[in-house]
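Q: What follows is model28.pdb, PDB, C-alpha atoms and all ligand atoms.
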```pdb
MODEL        1
ATOM      1  CA  MET A 339      49.451  56.697  93.889  1.00  0.00           C
ATOM      2  CA  SER A 340      48.886  60.383  94.619  1.00  0.00           C
ATOM      3  CA  GLU A 341      46.321  62.031  92.392  1.00  0.00           C
ATOM      4  CA  SER A 342      44.331  65.206  92.043  1.00  0.00           C
ATOM      5  CA  LYS A 343      41.598  66.390  89.690  1.00  0.00           C
ATOM      6  CA  TRP A 344      44.415  68.352  88.071  1.00  0.00           C
ATOM      7  CA  SER A 345      46.538  65.228  87.443  1.00  0.00           C
ATOM      8  CA  GLN A 346      43.471  63.359  86.171  1.00  0.00           C
ATOM      9  CA  GLN A 347      42.848  65.979  83.479  1.00  0.00           C
ATOM     10  CA  ARG A 348      45.158  64.875  80.725  1.00  0.00           C
ATOM     11  CA  ASN A 349      44.597  67.971  78.605  1.00  0.00           C
ATOM     12  CA  VAL A 350      45.294  70.811  81.028  1.00  0.00           C
ATOM     13  CA  PRO A 351      48.387  72.840  80.142  1.00  0.00           C
ATOM     14  CA  ARG A 352      51.297  71.842  82.369  1.00  0.00           C
ATOM     15  CA  GLY A 353      54.797  73.082  83.054  1.00  0.00           C
ATOM     16  CA  PHE A 354      56.006  75.815  80.729  1.00  0.00           C
ATOM     17  CA  THR A 355      52.791  75.542  78.686  1.00  0.00           C
ATOM     18  CA  TYR A 356      50.853  76.459  81.855  1.00  0.00           C
ATOM     19  CA  ASP A 357      53.161  79.448  82.296  1.00  0.00           C
ATOM     20  CA  GLU A 358      52.401  80.737  78.786  1.00  0.00           C
ATOM     21  CA  ARG A 359      48.947  81.855  79.937  1.00  0.00           C
ATOM     22  CA  TRP A 360      50.499  83.944  82.697  1.00  0.00           C
ATOM     23  CA  GLN A 361      53.130  85.309  80.330  1.00  0.00           C
ATOM     24  CA  ASP A 362      50.352  86.404  77.941  1.00  0.00           C
ATOM     25  CA  LEU A 363      48.801  88.378  80.815  1.00  0.00           C
ATOM     26  CA  VAL A 364      52.172  89.956  81.639  1.00  0.00           C
ATOM     27  CA  ASP A 365      52.618  90.855  77.973  1.00  0.00           C
ATOM     28  CA  SER A 366      49.210  92.539  77.956  1.00  0.00           C
ATOM     29  CA  GLY A 367      50.258  94.662  80.942  1.00  0.00           C
ATOM     30  CA  GLN A 368      48.411  92.801  83.691  1.00  0.00           C
ATOM     31  CA  ASN A 369      49.699  92.161  87.188  1.00  0.00           C
ATOM     32  CA  ILE A 370      49.940  88.415  87.773  1.00  0.00           C
ATOM     33  CA  HIS A 371      51.100  88.789  91.364  1.00  0.00           C
ATOM     34  CA  GLY A 372      47.836  89.597  93.137  1.00  0.00           C
ATOM     35  CA  GLU A 373      48.362  86.664  95.497  1.00  0.00           C
ATOM     36  CA  ALA A 374      51.948  87.707  96.289  1.00  0.00           C
ATOM     37  CA  ASP A 375      50.778  91.307  96.857  1.00  0.00           C
ATOM     38  CA  PHE A 376      48.055  90.085  99.228  1.00  0.00           C
ATOM     39  CA  ILE A 377      50.326  87.694 101.131  1.00  0.00           C
ATOM     40  CA  SER A 378      53.393  89.935 101.365  1.00  0.00           C
ATOM     41  CA  GLY A 379      51.126  92.752 102.624  1.00  0.00           C
ATOM     42  CA  LEU A 380      50.501  90.615 105.714  1.00  0.00           C
ATOM     43  CA  LYS A 381      54.255  90.721 106.440  1.00  0.00           C
ATOM     44  CA  PRO A 382      54.862  87.022 107.076  1.00  0.00           C
ATOM     45  CA  SER A 383      58.362  85.651 107.678  1.00  0.00           C
ATOM     46  CA  SER A 384      57.498  82.325 106.135  1.00  0.00           C
ATOM     47  CA  VAL A 385      54.921  81.012 103.654  1.00  0.00           C
ATOM     48  CA  LEU A 386      53.911  77.557 102.513  1.00  0.00           C
ATOM     49  CA  ASP A 387      52.809  77.669  98.860  1.00  0.00           C
ATOM     50  CA  ALA A 388      50.487  74.661  98.888  1.00  0.00           C
ATOM     51  CA  GLY A 389      49.842  73.443  95.348  1.00  0.00           C
ATOM     52  CA  CYS A 390      52.618  75.704  94.055  1.00  0.00           C
ATOM     53  CA  GLY A 391      52.465  74.485  90.447  1.00  0.00           C
ATOM     54  CA  THR A 392      55.188  76.159  88.403  1.00  0.00           C
ATOM     55  CA  GLY A 393      56.069  78.464  91.289  1.00  0.00           C
ATOM     56  CA  ARG A 394      54.414  81.707  90.193  1.00  0.00           C
ATOM     57  CA  VAL A 395      53.572  82.735  93.770  1.00  0.00           C
ATOM     58  CA  ALA A 396      56.527  81.194  95.652  1.00  0.00           C
ATOM     59  CA  ILE A 397      59.143  82.673  93.320  1.00  0.00           C
ATOM     60  CA  GLU A 398      57.660  86.151  93.697  1.00  0.00           C
ATOM     61  CA  LEU A 399      57.424  85.867  97.504  1.00  0.00           C
ATOM     62  CA  ILE A 400      61.047  84.781  97.738  1.00  0.00           C
ATOM     63  CA  ARG A 401      62.025  87.653  95.450  1.00  0.00           C
ATOM     64  CA  ARG A 402      60.361  89.909  98.051  1.00  0.00           C
ATOM     65  CA  GLY A 403      62.517  88.411 100.817  1.00  0.00           C
ATOM     66  CA  ILE A 404      60.013  85.947 102.312  1.00  0.00           C
ATOM     67  CA  ASP A 405      61.053  82.409 103.207  1.00  0.00           C
ATOM     68  CA  CYS A 406      58.789  80.186 101.092  1.00  0.00           C
ATOM     69  CA  VAL A 407      58.532  76.470 100.318  1.00  0.00           C
ATOM     70  CA  GLY A 408      56.445  75.087  97.434  1.00  0.00           C
ATOM     71  CA  VAL A 409      54.637  71.740  97.558  1.00  0.00           C
ATOM     72  CA  ASP A 410      52.899  70.063  94.640  1.00  0.00           C
ATOM     73  CA  LEU A 411      52.324  66.540  93.394  1.00  0.00           C
ATOM     74  CA  ASP A 412      52.558  67.306  89.665  1.00  0.00           C
ATOM     75  CA  ARG A 413      56.077  66.469  88.509  1.00  0.00           C
ATOM     76  CA  GLU A 414      55.842  68.483  85.284  1.00  0.00           C
ATOM     77  CA  MET A 415      54.680  71.613  87.103  1.00  0.00           C
ATOM     78  CA  LEU A 416      57.495  71.239  89.644  1.00  0.00           C
ATOM     79  CA  ALA A 417      60.077  70.621  86.901  1.00  0.00           C
ATOM     80  CA  ALA A 418      59.246  74.019  85.405  1.00  0.00           C
ATOM     81  CA  ALA A 419      59.369  75.612  88.872  1.00  0.00           C
ATOM     82  CA  SER A 420      62.785  74.201  89.612  1.00  0.00           C
ATOM     83  CA  GLN A 421      64.169  75.139  86.196  1.00  0.00           C
ATOM     84  CA  LYS A 422      63.072  78.724  86.803  1.00  0.00           C
ATOM     85  CA  ALA A 423      64.307  78.810  90.409  1.00  0.00           C
ATOM     86  CA  PRO A 424      66.736  75.959  91.109  1.00  0.00           C
ATOM     87  CA  THR A 425      67.714  77.187  94.569  1.00  0.00           C
ATOM     88  CA  ILE A 426      64.163  77.151  95.981  1.00  0.00           C
ATOM     89  CA  ASP A 427      62.938  74.203  98.029  1.00  0.00           C
ATOM     90  CA  TRP A 428      60.335  72.456  95.812  1.00  0.00           C
ATOM     91  CA  VAL A 429      58.718  69.436  97.428  1.00  0.00           C
ATOM     92  CA  GLU A 430      56.915  66.767  95.438  1.00  0.00           C
ATOM     93  CA  ALA A 431      54.150  65.561  97.746  1.00  0.00           C
ATOM     94  CA  ASP A 432      50.408  65.142  98.088  1.00  0.00           C
ATOM     95  CA  LEU A 433      48.912  67.868 100.268  1.00  0.00           C
ATOM     96  CA  LYS A 434      46.697  65.335 101.988  1.00  0.00           C
ATOM     97  CA  ASP A 435      49.602  63.481 103.615  1.00  0.00           C
ATOM     98  CA  PHE A 436      52.811  65.511 103.493  1.00  0.00           C
ATOM     99  CA  ASN A 437      55.092  66.429 106.385  1.00  0.00           C
ATOM    100  CA  LEU A 438      57.775  69.123 106.129  1.00  0.00           C
ATOM    101  CA  GLU A 439      58.552  68.963 109.865  1.00  0.00           C
ATOM    102  CA  ARG A 440      58.273  72.741 110.220  1.00  0.00           C
ATOM    103  CA  THR A 441      55.617  75.435 110.457  1.00  0.00           C
ATOM    104  CA  PHE A 442      54.853  78.663 108.562  1.00  0.00           C
ATOM    105  CA  ASP A 443      53.198  82.008 109.319  1.00  0.00           C
ATOM    106  CA  ILE A 444      50.919  81.652 106.277  1.00  0.00           C
ATOM    107  CA  ALA A 445      49.826  78.847 103.988  1.00  0.00           C
ATOM    108  CA  VAL A 446      48.444  79.951 100.627  1.00  0.00           C
ATOM    109  CA  LEU A 447      46.408  77.845  98.205  1.00  0.00           C
ATOM    110  CA  ALA A 448      46.441  80.000  95.093  1.00  0.00           C
ATOM    111  CA  GLY A 449      45.175  79.424  91.582  1.00  0.00           C
ATOM    112  CA  ASN A 450      42.165  77.266  92.431  1.00  0.00           C
ATOM    113  CA  VAL A 451      44.096  74.508  94.228  1.00  0.00           C
ATOM    114  CA  MET A 452      41.024  73.753  96.359  1.00  0.00           C
ATOM    115  CA  ILE A 453      38.964  72.841  93.317  1.00  0.00           C
ATOM    116  CA  PHE A 454      41.704  70.614  91.910  1.00  0.00           C
ATOM    117  CA  VAL A 455      42.186  68.368  94.947  1.00  0.00           C
ATOM    118  CA  LEU A 456      40.294  65.087  94.731  1.00  0.00           C
ATOM    119  CA  ALA A 457      36.640  65.413  95.710  1.00  0.00           C
ATOM    120  CA  GLY A 458      36.314  64.132  99.259  1.00  0.00           C
ATOM    121  CA  SER A 459      39.969  64.846 100.138  1.00  0.00           C
ATOM    122  CA  GLU A 460      39.397  68.526 101.024  1.00  0.00           C
ATOM    123  CA  GLY A 461      39.281  67.842 104.787  1.00  0.00           C
ATOM    124  CA  LEU A 462      42.535  65.858 104.719  1.00  0.00           C
ATOM    125  CA  VAL A 463      44.240  68.554 102.632  1.00  0.00           C
ATOM    126  CA  ILE A 464      43.149  71.444 104.856  1.00  0.00           C
ATOM    127  CA  ASN A 465      43.980  69.506 108.012  1.00  0.00           C
ATOM    128  CA  GLN A 466      47.461  68.661 106.761  1.00  0.00           C
ATOM    129  CA  VAL A 467      48.146  72.198 105.529  1.00  0.00           C
ATOM    130  CA  ALA A 468      46.921  73.575 108.883  1.00  0.00           C
ATOM    131  CA  GLN A 469      49.338  71.228 110.704  1.00  0.00           C
ATOM    132  CA  HIS A 470      52.072  73.268 109.018  1.00  0.00           C
ATOM    133  CA  LEU A 471      50.832  76.594 110.446  1.00  0.00           C
ATOM    134  CA  CYS A 472      52.223  78.126 113.598  1.00  0.00           C
ATOM    135  CA  ALA A 473      49.727  79.158 116.295  1.00  0.00           C
ATOM    136  CA  GLY A 474      47.953  82.269 115.010  1.00  0.00           C
ATOM    137  CA  GLY A 475      48.973  81.447 111.442  1.00  0.00           C
ATOM    138  CA  LEU A 476      46.701  82.122 108.479  1.00  0.00           C
ATOM    139  CA  LEU A 477      45.429  79.739 105.838  1.00  0.00           C
ATOM    140  CA  VAL A 478      44.515  81.727 102.711  1.00  0.00           C
ATOM    141  CA  ALA A 479      42.792  80.163  99.705  1.00  0.00           C
ATOM    142  CA  GLY A 480      41.325  81.636  96.545  1.00  0.00           C
ATOM    143  CA  PHE A 481      39.095  79.520  94.366  1.00  0.00           C
ATOM    144  CA  SER A 482      36.288  79.591  91.876  1.00  0.00           C
ATOM    145  CA  LEU A 483      32.794  78.964  93.222  1.00  0.00           C
ATOM    146  CA  ASP A 484      31.236  77.860  89.962  1.00  0.00           C
ATOM    147  CA  ALA A 485      33.702  75.232  88.742  1.00  0.00           C
ATOM    148  CA  GLY A 486      32.210  72.214  90.472  1.00  0.00           C
ATOM    149  CA  GLY A 487      34.587  72.263  93.445  1.00  0.00           C
ATOM    150  CA  ILE A 488      33.843  72.615  97.126  1.00  0.00           C
ATOM    151  CA  ALA A 489      30.979  75.030  97.937  1.00  0.00           C
ATOM    152  CA  LEU A 490      31.795  77.994 100.150  1.00  0.00           C
ATOM    153  CA  GLY A 491      29.378  76.849 102.881  1.00  0.00           C
ATOM    154  CA  ASP A 492      31.040  73.421 102.971  1.00  0.00           C
ATOM    155  CA  TYR A 493      34.479  75.050 103.026  1.00  0.00           C
ATOM    156  CA  ASP A 494      33.490  77.187 106.022  1.00  0.00           C
ATOM    157  CA  ALA A 495      31.989  74.173 107.815  1.00  0.00           C
ATOM    158  CA  LEU A 496      35.230  72.279 107.207  1.00  0.00           C
ATOM    159  CA  MET A 497      37.300  75.129 108.612  1.00  0.00           C
ATOM    160  CA  ASN A 498      35.051  75.323 111.651  1.00  0.00           C
ATOM    161  CA  ARG A 499      35.329  71.557 112.212  1.00  0.00           C
ATOM    162  CA  LEU A 500      39.131  71.792 112.023  1.00  0.00           C
ATOM    163  CA  GLY A 501      39.249  74.694 114.487  1.00  0.00           C
ATOM    164  CA  LEU A 502      40.207  77.451 112.045  1.00  0.00           C
ATOM    165  CA  SER A 503      38.427  80.786 112.614  1.00  0.00           C
ATOM    166  CA  PRO A 504      37.226  83.134 109.863  1.00  0.00           C
ATOM    167  CA  ALA A 505      39.675  86.025 109.397  1.00  0.00           C
ATOM    168  CA  GLY A 506      38.347  87.673 106.233  1.00  0.00           C
ATOM    169  CA  ARG A 507      36.757  87.089 102.853  1.00  0.00           C
ATOM    170  CA  TRP A 508      37.136  89.028  99.619  1.00  0.00           C
ATOM    171  CA  SER A 509      36.075  88.607  96.021  1.00  0.00           C
ATOM    172  CA  THR A 510      39.570  89.305  94.645  1.00  0.00           C
ATOM    173  CA  TRP A 511      43.200  89.214  95.750  1.00  0.00           C
ATOM    174  CA  GLN A 512      43.017  93.022  95.617  1.00  0.00           C
ATOM    175  CA  ARG A 513      40.649  92.802  98.615  1.00  0.00           C
ATOM    176  CA  ASP A 514      37.444  93.852  96.891  1.00  0.00           C
ATOM    177  CA  PRO A 515      34.603  93.089  99.310  1.00  0.00           C
ATOM    178  CA  PHE A 516      32.891  89.727  98.955  1.00  0.00           C
ATOM    179  CA  VAL A 517      29.238  90.227  98.056  1.00  0.00           C
ATOM    180  CA  GLY A 518      28.596  86.838  96.498  1.00  0.00           C
ATOM    181  CA  GLY A 519      29.802  85.991  93.032  1.00  0.00           C
ATOM    182  CA  SER A 520      31.952  83.377  91.392  1.00  0.00           C
ATOM    183  CA  TYR A 521      35.278  83.712  93.220  1.00  0.00           C
ATOM    184  CA  ALA A 522      36.291  84.018  96.855  1.00  0.00           C
ATOM    185  CA  VAL A 523      39.548  84.612  98.677  1.00  0.00           C
ATOM    186  CA  SER A 524      39.173  83.341 102.239  1.00  0.00           C
ATOM    187  CA  ALA A 525      41.477  83.671 105.236  1.00  0.00           C
ATOM    188  CA  HIS A 526      41.150  81.493 108.332  1.00  0.00           C
ATOM    189  CA  ARG A 527      43.262  81.625 111.462  1.00  0.00           C
ATOM    190  CA  LYS A 528      44.698  78.742 113.420  1.00  0.00           C
ATOM    191  CA  THR A 529      44.099  79.463 117.112  1.00  0.00           C
TER
HETATM  192  C1  LIG B 601      45.860  75.549  88.666  1.00  0.00           C
HETATM  193  S1  LIG B 601      47.312  74.947  89.392  1.00  0.00           S
HETATM  194  C2  LIG B 601      47.780  76.354  90.381  1.00  0.00           C
HETATM  195  C3  LIG B 601      49.272  76.434  90.543  1.00  0.00           C
HETATM  196  C4  LIG B 601      49.781  77.644  91.349  1.00  0.00           C
HETATM  197  N1  LIG B 601      49.282  77.647  92.694  1.00  0.00           N
HETATM  198  C5  LIG B 601      49.413  78.940  90.672  1.00  0.00           C
HETATM  199  O1  LIG B 601      48.601  79.687  91.227  1.00  0.00           O
HETATM  200  O2  LIG B 601      49.941  79.247  89.596  1.00  0.00           O
HETATM  201  C6  LIG B 601      46.680  73.826  90.621  1.00  0.00           C
HETATM  202  C7  LIG B 601      47.811  73.019  91.279  1.00  0.00           C
HETATM  203  O3  LIG B 601      47.294  72.304  92.399  1.00  0.00           O
HETATM  204  C8  LIG B 601      48.043  71.116  92.490  1.00  0.00           C
HETATM  205  N2  LIG B 601      47.341  70.139  93.339  1.00  0.00           N
HETATM  206  C9  LIG B 601      46.035  69.770  93.275  1.00  0.00           C
HETATM  207  N3  LIG B 601      45.778  68.823  94.212  1.00  0.00           N
HETATM  208  C10 LIG B 601      46.949  68.615  94.875  1.00  0.00           C
HETATM  209  C11 LIG B 601      47.316  67.765  95.950  1.00  0.00           C
HETATM  210  N4  LIG B 601      46.436  66.929  96.532  1.00  0.00           N
HETATM  211  N5  LIG B 601      48.585  67.783  96.386  1.00  0.00           N
HETATM  212  C12 LIG B 601      49.505  68.621  95.806  1.00  0.00           C
HETATM  213  N6  LIG B 601      49.205  69.464  94.800  1.00  0.00           N
HETATM  214  C13 LIG B 601      47.945  69.449  94.327  1.00  0.00           C
HETATM  215  C14 LIG B 601      48.146  70.661  91.042  1.00  0.00           C
HETATM  216  O4  LIG B 601      49.141  69.689  90.866  1.00  0.00           O
HETATM  217  C15 LIG B 601      48.415  71.988  90.328  1.00  0.00           C
HETATM  218  O5  LIG B 601      49.797  72.229  90.167  1.00  0.00           O
ENDMDL
END
```
Could you rewrite the structure in this file as structure tokens?
A:
Amino acid sequence: MSESKWSQQRNVPRGFTYDERWQDLVDSGQNIHGEADFISGLKPSSVLDAGCGTGRVAIELIRRGIDCVGVDLDREMLAAASQKAPTIDWVEADLKDFNLERTFDIAVLAGNVMIFVLAGSEGLVINQVAQHLCAGGLLVAGFSLDAGGIALGDYDALMNRLGLSPAGRWSTWQRDPFVGGSYAVSAHRKT
């Protein structure tokens, strides 16, 4: 059976309950589309939203005219995504062994996906996501560095081992420079 640290945590908010947190931010005037701003600024034609959850990023990218497919293994998260956007292609699959039989300009792992994959599966996940990138495509991931997930040095070593080259690192999706700290947005290029 497919699992993630996310699916193993019985008490995390899922589906529309997960969305309430984002709605609270919207209600308090905050922009919840930093990832979509970052990604759409790179002008891709197509994006793979890997670990799409309830579709926050994919729905916004499609609204901006970008072809986007969302993949996630959590049925409840995907159910909310497909209720909100029934015409979008939502794929229930484990990132460590999925195959969409197509490639994308960019793959994005937003909202801490990398710290919610099973410990030890990070290499399989990145390898499989990278298989879905066209040559020159970018893999972009933002995740917390103090939540017990993969360390940044290990992430970089993994990317290097899989043949993905560093293409930028920031501390926020608004492209603030990375000077250490508890969050990193990293871009790596498939050559
Ligand atoms: C915190 S949510 C982020 C959702 C969305 N990306 C966002 O930013 O709103 C993390 C998501 O990663 C997904 N995930 C974790 N490991 C996964 C895996 N191996 N395969 C597919 N999805 C996975 C979880 O199911 C969950 O929906």
Q: Do you know which residues are at most 10 Å from Asp484 (chain A) counting only C-alpha atoms, after dropping those on the same chain fewer than 3 positions away, and could you put them as a PyMOL selection string?
A: chain A and resi 453+481+487-489+519-521
Q: Spell out the residues picked by the PyMOL selection byres (((not hetatm)) within 6 of (chain B and resi 601)) here, as a ChimeraX atom specification.
A: /A:342,344,389-391,394,410-412,415,431-434,448-451,454-455
Q: Restricting the calculation to all atoms listed in the file: of A:Val463, A:Ala473, A:Ala525, A:Leu490, which residue gets closest to Val409 (chain A)?
A: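 Of all the options, A:Val463 lies closest to Val409 (chain A).
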Q: Once the PyMOL selection byres (((chain A and resi 414) around 9) and not hetatm) has been applied to the shown file, what residues remain in the selection, as a PDB file with C-alpha atoms, keeping the file's coordinate frame?
A:
```pdb
ATOM      1  CA  ARG A 352      51.297  71.842  82.369  1.00  0.00           C
ATOM      2  CA  GLY A 353      54.797  73.082  83.054  1.00  0.00           C
ATOM      3  CA  PHE A 354      56.006  75.815  80.729  1.00  0.00           C
ATOM      4  CA  GLY A 391      52.465  74.485  90.447  1.00  0.00           C
ATOM      5  CA  THR A 392      55.188  76.159  88.403  1.00  0.00           C
ATOM      6  CA  ASP A 412      52.558  67.306  89.665  1.00  0.00           C
ATOM      7  CA  ARG A 413      56.077  66.469  88.509  1.00  0.00           C
ATOM      8  CA  MET A 415      54.680  71.613  87.103  1.00  0.00           C
ATOM      9  CA  LEU A 416      57.495  71.239  89.644  1.00  0.00           C
ATOM     10  CA  ALA A 417      60.077  70.621  86.901  1.00  0.00           C
ATOM     11  CA  ALA A 418      59.246  74.019  85.405  1.00  0.00           C
ATOM     12  CA  ALA A 419      59.369  75.612  88.872  1.00  0.00           C
TER      13      ALA A 419
END
```
Q: I need the residue set behind the PyMOL selection byres (((chain A and resi 370) around 12) and not hetatm) for this file; please write it as a list in words.
A: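 Selection result, ordered by chain and number: Asp357, Arg359, Trp360, Gln361, Asp362, Leu363, Val364, Asp365, Ser366, Gly367, Gln368, Asn369, His371, Gly372, Glu373, Ala374, Asp375, Phe376, Arg394, Val395, Glu398, Ala448, Gly449, Trp511 and Gln512 of chain A.
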Q: Compare A:Ser340, A:Ser503, A:Ser459, A:Thr529 by their minimum atom-to-atom distance to Leu471 (chain A), counting only C-alpha atoms, and give me the closest one.
A: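 Of A:Ser340, A:Ser503, A:Ser459, A:Thr529, the one nearest Leu471 (chain A), counting only C-alpha atoms, is A:Thr529.
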Q: Quote the spacing between CA of Arg507 (chain A) and CA of Arg527 (chain A) in Å to one decimal place.
A: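 Rounded to one decimal, the two atoms are 12.1 Å apart.
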Q: How big is the axis-aligned box, and where does its centre sit, when it encloses all atoms of region 509-524 of chain A listed in the file and has 3 Å added on every side, reported in Å to one decimal as JSON?
A:
```
{"center_x": 35.9, "center_y": 88.6, "center_z": 96.8, "size_x": 20.6, "size_y": 16.5, "size_z": 16.8}
```
Q: Considering all atoms listed in the file, return as a PyMOL selection string whatever protein or nucleic-acid residues lie within 12 Å of Asp494 (chain A), sequence-local ones (same chain, fewer than 2 positions apart) excluded.
A: chain A and resi 460-461+464+479+488-492+496-507+522+524-526
Q: Please compute the CA of Ala388 (chain A)-CA of Ala445 (chain A) distance, one decimal, in Å.
A: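 Separation of CA of Ala388 (chain A) and CA of Ala445 (chain A): 6.6 Å.
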